[in-house]
Amino acid sequence: MIEVRNLKKSFGANTVLNDVSVQMQPGKCNLIIGASGSGKTVFMKCLVGLLQPDSGEILYQGQDLTTMTTAEKKEIRKQIGMLFQGSALFDSQTVEKNIMFPLNMFSRDSYAVKLKRVNEALERVNLKDVNKKFPAELSGGMKKRVGIARAIVLNPQYLFCDEPNSGLDPMTSMVIDKLIMEITKEYNITTIVNTHDMNSVMEIGDHILYMHKGLKEWEGTNKEIIFSKNELLNEFIFASEFLKDAKDMRMLELSGKIANQRNMDDLMNNEGSTRQ
Amino acid sequence: MNFFTELGRFLLLLKGMFSRPENGRVYWKELMHQCSEIGIGSLGIVVVISFFMGAVSTLQTAYQLVSPVIPKSTIAQIVRDTMILEFAPTLICVVLAGVVGSKIASELGNMRVSEQIDALEIMGVNTKAYLVAPKILAAMIVIPLLVVISAALGIYGGRVAGSASGILAANVYDKGLHENFVPYNVFFALTKAYTFAFLISSIPAYYGYHVQGGALEIGRASTKAVVVSCVAILFADYILAALLLQ
Ligand SMILES: Nc1ncnc2c1ncn2[C@@H]1O[C@H](COP(=O)(O)OP(=O)(O)O)[C@@H](O)[C@H]1O
Ligand SMILES: [Mg+2]
């Protein structure tokens, strides 16, 4: 379990994190949402120890990361997998070598065993026939999937994803979100995802923190978020008129003033198929 | 940032390299890879430059030595000594600072900017040890070899130019090569080569490893790395000459 207490971080005069405390829920998708520049990446980099916070505690099973020695940090990091915003694949190495890298570094298994593990990871992220390709030959969504495969190849307990669907089309985003969700449940890992994508929020947000101006402005689940009374949060999630309308519709549906029409198309398709 | 902060960070980078490798075999492979990148990658230019440097030295020395009392074989001595003392170690290393230095700086800079270094850190790899140490070590293995090749080729280039232009016959040149040979000069040249090899790998590694920003900054870092390495080489050259040539 990860618990963050009173985390502060500033760069010169720019205070990015101003006293953030939160408990990440084990075995769930914990989402950190907020506008661009609200400090999501900085927060995540503090959590994994890539940035040293100015003050505060980051507890992994009660052990404080900020005061650990390098050797202790290395041990914790073996339980961490991370998907970076730009995928961060090693561009001089093939997909297979990329995913095998952590195995080469940290396991004593034979080549055949490692290759099997690589192929399992690739299969898990639904990629085929890409073993010998270089990152430059892959699409954005495939790169992310390879990034996920590399992150999970050592069976981590914690998975961090920084903007897993930035730069992807809505369909591919959805696929990546689903994948992250499935992996979280399947391996029972604690996943922490940075995003500003509302689709992901609704889709995979078991536990959501909304960050604004370096503070945790709101915390809750995807069931609660659209009904929140927090003005800043509402401004963020209902930035588009379309979503505002959608929310109003939903409210009307829920209050029984109009019928739920969302599955009309499905119904009609089903009827069509039974008639044939 | 002032000079002392930079120097401090530079020394911290070097200190960070000293740790037990997570996996000896992976490190060994990386070292071999870097040796071939640095060595094979710059062999061509070293060969061409050295040969012509030697050839031009012969022609210019002959042009300056007009006195009839000085034997022609002296030209060979002068070419040999300038190649060994200065041209092979210093000039070649200045060239390598451009070739190898910019490569190291931009490779690490790109890895930094695209978060590949962060990705390695997250896996629990000591990136200073894994990314920087093999480069410095490989440079210190390969560059002295390149310097030796350069000196030999330069002397050979002088010989070819001498006979091709009719300034001095090959046998006179060979005779000159054997006169007044000071083995200490070779030791001096190698000391320089090791020192410069360290400078042209560690300084660009420092600039590349600490890049912040994007593609533009990678370019800037690699230019700066080359400039600073060149200045450092010339400065070290002076210090070593003052210390070792008395
Ligand atoms: N290494 C750094 N040095 C200085 N400022 C930084 C650094 N990293 C991030 N920042 C600043 O922190 C703020 C939050 O950035 P970030 O965490 O990347 O936002 P996002 O929520 O979009 O991920 C920005 O104002 C950015 O300028
Ligand atoms: Mg970000």
# chains A, B, ... in the order shown; residues from 1 in each chain; ligands from 1
call {"tool": "residues_near_ligand", "arguments": {"ligand": "ligand 1", "cutoff": "8 Å", "atoms": "only C-alpha atoms and all ligand atoms", "output": "tab-separated table (two decimals) with all heavy atoms, in the first residue's frame"}}
result
chain	number	residue	atom	x	y	z
A	10	SER	N	8.51	22.25	-4.65
A	10	SER	CA	8.51	23.44	-5.49
A	10	SER	C	9.79	23.51	-6.30
A	10	SER	O	10.82	22.94	-5.93
A	10	SER	CB	8.30	24.71	-4.66
A	10	SER	OG	8.81	24.55	-3.38
A	11	PHE	N	9.69	24.21	-7.42
A	11	PHE	CA	10.87	24.49	-8.24
A	11	PHE	C	11.11	25.99	-8.14
A	11	PHE	O	10.37	26.77	-8.73
A	11	PHE	CB	10.64	24.10	-9.70
A	11	PHE	CG	10.43	22.63	-9.90
A	11	PHE	CD1	9.15	22.11	-10.04
A	11	PHE	CD2	11.51	21.76	-9.94
A	11	PHE	CE1	8.95	20.76	-10.22
A	11	PHE	CE2	11.31	20.41	-10.11
A	11	PHE	CZ	10.04	19.90	-10.26
A	12	GLY	N	12.09	26.39	-7.39
A	12	GLY	CA	12.31	27.81	-7.18
A	12	GLY	C	11.09	28.42	-6.52
A	12	GLY	O	10.64	27.96	-5.47
A	14	ASN	N	8.16	28.45	-7.88
A	14	ASN	CA	6.96	27.79	-8.40
A	14	ASN	C	6.59	26.59	-7.52
A	14	ASN	O	7.22	25.54	-7.60
A	14	ASN	CB	7.26	27.37	-9.84
A	14	ASN	CG	6.12	26.60	-10.47
A	14	ASN	OD1	5.03	26.53	-9.92
A	14	ASN	ND2	6.39	26.00	-11.62
A	15	THR	N	5.58	26.79	-6.67
A	15	THR	CA	5.16	25.69	-5.81
A	15	THR	C	4.24	24.76	-6.60
A	15	THR	O	3.17	25.17	-7.01
A	15	THR	CB	4.41	26.22	-4.58
A	15	THR	OG1	5.27	27.14	-3.91
A	15	THR	CG2	4.05	25.10	-3.63
A	16	VAL	N	4.69	23.54	-6.84
A	16	VAL	CA	3.91	22.63	-7.67
A	16	VAL	C	3.02	21.74	-6.79
A	16	VAL	O	1.86	21.53	-7.09
A	16	VAL	CB	4.84	21.77	-8.55
A	16	VAL	CG1	4.04	20.82	-9.40
A	16	VAL	CG2	5.68	22.67	-9.43
A	33	ILE	N	-6.23	13.28	-11.52
A	33	ILE	CA	-6.67	14.10	-12.65
A	33	ILE	C	-6.42	15.57	-12.35
A	33	ILE	O	-6.23	15.97	-11.20
A	33	ILE	CB	-8.16	13.88	-13.00
A	33	ILE	CG1	-9.05	14.30	-11.84
A	33	ILE	CG2	-8.41	12.42	-13.34
A	33	ILE	CD1	-10.53	14.28	-12.21
A	34	GLY	N	-6.39	16.35	-13.40
A	34	GLY	CA	-6.14	17.77	-13.25
A	34	GLY	C	-5.71	18.34	-14.59
A	34	GLY	O	-5.32	17.60	-15.48
A	35	ALA	N	-5.79	19.66	-14.72
A	35	ALA	CA	-5.43	20.31	-15.98
A	35	ALA	C	-3.93	20.11	-16.26
A	35	ALA	O	-3.18	19.74	-15.36
A	35	ALA	CB	-5.74	21.79	-15.89
A	36	SER	N	-3.53	20.34	-17.49
A	36	SER	CA	-2.10	20.28	-17.83
A	36	SER	C	-1.34	21.30	-16.98
A	36	SER	O	-1.80	22.42	-16.81
A	36	SER	CB	-1.89	20.61	-19.30
A	36	SER	OG	-2.29	19.54	-20.08
A	37	GLY	N	-0.23	20.89	-16.46
A	37	GLY	CA	0.56	21.81	-15.64
A	37	GLY	C	0.13	21.85	-14.19
A	37	GLY	O	0.66	22.63	-13.41
A	38	SER	N	-0.82	20.99	-13.81
A	38	SER	CA	-1.28	21.02	-12.42
A	38	SER	C	-0.37	20.20	-11.50
A	38	SER	O	-0.62	20.12	-10.31
A	38	SER	CB	-2.72	20.52	-12.33
A	38	SER	OG	-2.80	19.22	-12.86
A	39	GLY	N	0.65	19.58	-12.05
A	39	GLY	CA	1.61	18.90	-11.21
A	39	GLY	C	1.42	17.40	-11.10
A	39	GLY	O	1.99	16.76	-10.21
A	40	LYS	N	0.67	16.81	-12.02
A	40	LYS	CA	0.43	15.36	-11.95
A	40	LYS	C	1.74	14.58	-12.16
A	40	LYS	O	2.04	13.65	-11.40
A	40	LYS	CB	-0.57	14.94	-13.04
A	40	LYS	CG	-1.90	15.65	-12.97
A	40	LYS	CD	-2.86	15.13	-14.01
A	40	LYS	CE	-2.44	15.43	-15.46
A	40	LYS	NZ	-2.55	16.85	-15.82
A	41	THR	N	2.48	15.00	-13.18
A	41	THR	CA	3.73	14.29	-13.46
A	41	THR	C	4.72	14.45	-12.31
A	41	THR	O	5.37	13.49	-11.89
A	41	THR	CB	4.35	14.79	-14.77
A	41	THR	OG1	3.41	14.59	-15.82
A	41	THR	CG2	5.62	14.05	-15.10
A	42	VAL	N	4.80	15.67	-11.78
A	42	VAL	CA	5.71	15.91	-10.66
A	42	VAL	C	5.31	15.03	-9.48
A	42	VAL	O	6.16	14.40	-8.84
A	42	VAL	CB	5.70	17.41	-10.27
A	42	VAL	CG1	6.44	17.63	-8.96
A	42	VAL	CG2	6.30	18.25	-11.38
A	43	PHE	N	4.02	14.95	-9.21
A	43	PHE	CA	3.52	14.11	-8.12
A	43	PHE	C	3.94	12.66	-8.33
A	43	PHE	O	4.49	12.01	-7.43
A	43	PHE	CB	1.99	14.24	-8.05
A	43	PHE	CG	1.35	13.50	-6.91
A	43	PHE	CD1	1.70	13.80	-5.60
A	43	PHE	CD2	0.41	12.51	-7.14
A	43	PHE	CE1	1.12	13.11	-4.54
A	43	PHE	CE2	-0.17	11.82	-6.08
A	43	PHE	CZ	0.19	12.12	-4.79
A	44	MET	N	3.71	12.17	-9.54
A	44	MET	CA	4.05	10.77	-9.81
A	44	MET	C	5.55	10.54	-9.70
A	44	MET	O	6.00	9.53	-9.15
A	44	MET	CB	3.54	10.38	-11.20
A	44	MET	CG	3.72	8.94	-11.50
A	44	MET	SD	2.85	8.43	-12.99
A	44	MET	CE	1.21	8.12	-12.39
A	162	ASP	N	1.82	7.40	-16.60
A	162	ASP	CA	1.73	8.85	-16.78
A	162	ASP	C	1.04	9.13	-18.10
A	162	ASP	O	1.60	8.86	-19.15
A	162	ASP	CB	3.13	9.47	-16.75
A	162	ASP	CG	3.07	10.98	-16.63
A	162	ASP	OD1	1.96	11.52	-16.47
A	162	ASP	OD2	4.14	11.61	-16.68
A	194	ASN	N	-2.07	8.93	-14.15
A	194	ASN	CA	-2.27	10.36	-14.37
A	194	ASN	C	-3.08	10.52	-15.63
A	194	ASN	O	-2.76	9.93	-16.65
A	194	ASN	CB	-0.92	11.02	-14.70
A	194	ASN	CG	-0.19	11.43	-13.48
A	194	ASN	OD1	-0.72	11.36	-12.39
A	194	ASN	ND2	1.03	11.85	-13.66
B	212	GLN	N	18.05	19.22	-19.98
B	212	GLN	CA	16.66	19.45	-19.59
B	212	GLN	C	15.97	20.13	-20.76
B	212	GLN	O	16.50	21.09	-21.29
B	212	GLN	CB	16.59	20.39	-18.38
B	212	GLN	CG	16.71	19.65	-17.08
B	212	GLN	CD	16.45	20.56	-15.91
B	212	GLN	OE1	16.41	21.77	-16.05
B	212	GLN	NE2	16.26	19.98	-14.74
call {"tool": "interface_residues", "arguments": {"of": "chain B", "to": "chain A", "cutoff": "10 Å", "atoms": "only C-alpha atoms", "output": "list in words"}}
result
Pro21, Glu22, Asn23, Gly24, Arg25, Val26, Tyr27, Asn110, Met111, Arg112, Val113, Ser114, Glu115, Gln116, Ile117, Asp118, Ala119, Leu120, Glu121, Ile122, Met123, Gly124, Val125 and Asn126 of chain B
call {"tool": "write_last_selection", "arguments": {"atoms": "N, CA and C atoms", "output": "CSV table (one decimal), in the first residue's frame"}}
result
chain,number,residue,atom,x,y,z
B,21,PRO,N,27.7,-3.5,-10.3
B,21,PRO,CA,26.8,-3.7,-11.4
B,21,PRO,C,25.6,-4.6,-11.0
B,22,GLU,N,24.4,-4.3,-11.5
B,22,GLU,CA,23.3,-5.1,-11.2
B,22,GLU,C,23.5,-6.5,-11.8
B,23,ASN,N,24.1,-6.5,-13.0
B,23,ASN,CA,24.3,-7.7,-13.7
B,23,ASN,C,25.6,-7.6,-14.5
B,24,GLY,N,26.6,-8.3,-14.2
B,24,GLY,CA,27.9,-8.2,-14.8
B,24,GLY,C,27.8,-8.4,-16.3
B,25,ARG,N,27.1,-9.4,-16.7
B,25,ARG,CA,27.0,-9.7,-18.2
B,25,ARG,C,26.4,-8.6,-19.0
B,26,VAL,N,25.4,-8.0,-18.5
B,26,VAL,CA,24.8,-6.9,-19.2
B,26,VAL,C,25.7,-5.7,-19.4
B,27,TYR,N,26.4,-5.4,-18.3
B,27,TYR,CA,27.4,-4.3,-18.3
B,27,TYR,C,28.6,-4.7,-19.3
B,110,ASN,N,19.3,12.5,-25.6
B,110,ASN,CA,18.0,12.0,-26.1
B,110,ASN,C,17.4,11.0,-25.1
B,111,MET,N,18.2,10.2,-24.5
B,111,MET,CA,17.7,9.3,-23.5
B,111,MET,C,17.1,10.0,-22.3
B,112,ARG,N,17.7,11.1,-21.9
B,112,ARG,CA,17.2,11.9,-20.8
B,112,ARG,C,15.8,12.5,-21.2
B,113,VAL,N,15.8,13.2,-22.3
B,113,VAL,CA,14.6,13.9,-22.7
B,113,VAL,C,13.4,13.0,-23.0
B,114,SER,N,13.7,11.8,-23.6
B,114,SER,CA,12.6,10.9,-23.9
B,114,SER,C,12.3,10.0,-22.7
B,115,GLU,N,12.8,10.3,-21.5
B,115,GLU,CA,12.6,9.6,-20.3
B,115,GLU,C,13.1,8.2,-20.2
B,116,GLN,N,14.0,7.8,-21.2
B,116,GLN,CA,14.6,6.5,-21.1
B,116,GLN,C,15.4,6.3,-19.9
B,117,ILE,N,16.1,7.4,-19.5
B,117,ILE,CA,16.9,7.3,-18.3
B,117,ILE,C,16.1,7.1,-17.0
B,118,ASP,N,14.9,7.8,-17.0
B,118,ASP,CA,14.0,7.6,-15.9
B,118,ASP,C,13.5,6.2,-15.9
B,119,ALA,N,13.2,5.7,-17.1
B,119,ALA,CA,12.7,4.3,-17.2
B,119,ALA,C,13.7,3.3,-16.6
B,120,LEU,N,15.0,3.5,-16.9
B,120,LEU,CA,16.0,2.7,-16.3
B,120,LEU,C,16.1,2.8,-14.8
B,121,GLU,N,16.0,4.0,-14.4
B,121,GLU,CA,16.0,4.2,-12.9
B,121,GLU,C,14.9,3.5,-12.2
B,122,ILE,N,13.7,3.6,-12.8
B,122,ILE,CA,12.5,2.9,-12.2
B,122,ILE,C,12.7,1.4,-12.2
B,123,MET,N,13.4,0.9,-13.2
B,123,MET,CA,13.7,-0.6,-13.1
B,123,MET,C,14.6,-0.9,-12.0
B,124,GLY,N,15.3,0.1,-11.4
B,124,GLY,CA,16.2,-0.2,-10.4
B,124,GLY,C,17.7,-0.3,-10.9
B,125,VAL,N,17.9,0.3,-12.1
B,125,VAL,CA,19.3,0.3,-12.6
B,125,VAL,C,19.9,1.6,-12.2
B,126,ASN,N,21.2,1.5,-11.8
B,126,ASN,CA,22.0,2.7,-11.5
B,126,ASN,C,22.4,3.3,-12.9
call {"tool": "closest_residue", "arguments": {"among": "A:Ile58, A:Leu31, A:Asp109, A:Ser228", "to": "Tyr210 in chain A", "atoms": "only C-alpha atoms"}}
result
A:Leu31
call {"tool": "residues_around", "arguments": {"residues": "Lys29 in chain B", "least_positions_apart": "6", "cutoff": "12 Å", "atoms": "only C-alpha atoms", "output": "CSV table (one decimal) with all heavy atoms, in the first residue's frame"}}
result
chain,number,residue,atom,x,y,z
A,104,ASN,N,16.9,-9.4,-18.3
A,104,ASN,CA,18.3,-9.6,-18.5
A,104,ASN,C,19.1,-9.0,-17.3
A,104,ASN,O,20.0,-9.6,-16.8
A,104,ASN,CB,18.8,-8.9,-19.7
A,104,ASN,CG,18.5,-9.7,-21.0
A,104,ASN,OD1,18.3,-10.9,-20.9
A,104,ASN,ND2,18.5,-9.0,-22.1
A,105,MET,N,18.6,-7.9,-16.8
A,105,MET,CA,19.2,-7.2,-15.7
A,105,MET,C,19.0,-7.9,-14.4
A,105,MET,O,20.0,-8.0,-13.6
A,105,MET,CB,18.7,-5.8,-15.7
A,105,MET,CG,19.6,-4.7,-15.1
A,105,MET,SD,21.3,-4.7,-15.8
A,105,MET,CE,21.6,-3.0,-16.2
B,23,ASN,N,24.1,-6.5,-13.0
B,23,ASN,CA,24.3,-7.7,-13.7
B,23,ASN,C,25.6,-7.6,-14.5
B,23,ASN,O,25.6,-6.9,-15.5
B,23,ASN,CB,23.1,-8.1,-14.5
B,23,ASN,CG,23.2,-9.4,-15.2
B,23,ASN,OD1,24.3,-9.8,-15.7
B,23,ASN,ND2,22.1,-10.1,-15.4
B,35,CYS,N,32.8,0.1,-27.0
B,35,CYS,CA,34.1,0.0,-27.6
B,35,CYS,C,34.0,0.0,-29.1
B,35,CYS,O,34.7,0.7,-29.8
B,35,CYS,CB,34.9,-1.3,-27.2
B,35,CYS,SG,35.5,-1.2,-25.5
B,36,SER,N,33.1,-0.8,-29.6
B,36,SER,CA,32.9,-0.8,-31.1
B,36,SER,C,32.3,0.4,-31.6
B,36,SER,O,32.8,0.9,-32.7
B,36,SER,CB,32.2,-2.1,-31.5
B,36,SER,OG,30.8,-1.8,-31.8
B,130,TYR,N,25.5,2.4,-15.4
B,130,TYR,CA,25.2,1.6,-16.6
B,130,TYR,C,25.4,2.4,-17.9
B,130,TYR,O,25.8,1.9,-18.9
B,130,TYR,CB,23.7,1.0,-16.5
B,130,TYR,CG,23.3,0.3,-17.8
B,130,TYR,CD1,24.0,-0.9,-18.1
B,130,TYR,CD2,22.4,0.8,-18.6
B,130,TYR,CE1,23.7,-1.6,-19.3
B,130,TYR,CE2,22.0,0.1,-19.8
B,130,TYR,CZ,22.7,-1.1,-20.1
B,130,TYR,OH,22.3,-1.8,-21.2
B,131,LEU,N,25.0,3.7,-17.8
B,131,LEU,CA,25.1,4.4,-19.1
B,131,LEU,C,26.4,5.2,-19.2
B,131,LEU,O,26.9,5.4,-20.3
B,131,LEU,CB,23.9,5.4,-19.2
B,131,LEU,CG,22.5,4.8,-19.3
B,131,LEU,CD1,21.5,5.9,-19.3
B,131,LEU,CD2,22.4,4.1,-20.6
B,134,PRO,N,30.4,2.6,-18.8
B,134,PRO,CA,30.9,1.9,-20.0
B,134,PRO,C,31.5,2.8,-21.1
B,134,PRO,O,32.4,2.4,-21.8
B,134,PRO,CB,29.7,1.1,-20.5
B,134,PRO,CG,28.8,1.0,-19.3
B,134,PRO,CD,29.0,2.2,-18.5
B,135,LYS,N,30.9,4.0,-21.2
B,135,LYS,CA,31.3,4.9,-22.2
B,135,LYS,C,32.7,5.4,-21.9
B,135,LYS,O,33.6,5.4,-22.8
B,135,LYS,CB,30.4,6.1,-22.4
B,135,LYS,CG,29.0,5.6,-23.0
B,135,LYS,CD,28.2,6.8,-23.3
B,135,LYS,CE,26.9,6.4,-24.1
B,135,LYS,NZ,26.0,5.5,-23.4
B,138,ALA,N,35.2,2.5,-22.2
B,138,ALA,CA,35.4,2.1,-23.6
B,138,ALA,C,36.3,3.2,-24.2
B,138,ALA,O,37.3,2.8,-24.9
B,138,ALA,CB,34.1,2.0,-24.3
call {"tool": "residues_around", "arguments": {"residues": "Asp174 in chain B", "least_positions_apart": "5", "cutoff": "10 Å", "atoms": "only C-alpha atoms", "output": "JSON, numbers by chain"}}
result
{"B": [73, 76, 77, 155, 156, 159, 169, 179]}
call {"tool": "closest_residue", "arguments": {"among": "A:Pro26, A:Pro53, A:Gly220, A:Pro164", "to": "ligand 2", "atoms": "only C-alpha atoms and all ligand atoms"}}
result
A:Pro164
call {"tool": "residues_around", "arguments": {"residues": "range 167-176 of chain A", "least_positions_apart": "3", "cutoff": "10 Å", "atoms": "only C-alpha atoms", "output": "list in words"}}
result
Gln85, Gly86, Val125, Ser139, Gly140, Gly141, Met142, Lys144, Arg145, Ile148, Glu163, Pro164, Leu179, Ile180, Met181, Glu182, Asp197, Asn199, Ser200, Glu203 and Ile204 of chain A
call {"tool": "select_by_dssp", "arguments": {"residues": "range 49-236 of chain B", "states": "alpha helix (DSSP H)", "output": "ChimeraX atom specification"}}
result
/B:49-64,73-82,92-96,102-113,116-123,127,133-164,170-178,183-209,215-236
call {"tool": "closest_residue", "arguments": {"among": "A:His196, A:Lys178, A:Arg250, A:Lys257", "to": "ligand 2", "atoms": "only C-alpha atoms and all ligand atoms"}}
result
A:His196
call {"tool": "residues_around", "arguments": {"residues": "Val182 in chain B", "least_positions_apart": "6", "cutoff": "12 Å", "atoms": "only C-alpha atoms", "output": "PyMOL selection string"}}
result
chain B and resi 77+80-81+84-85+188-189
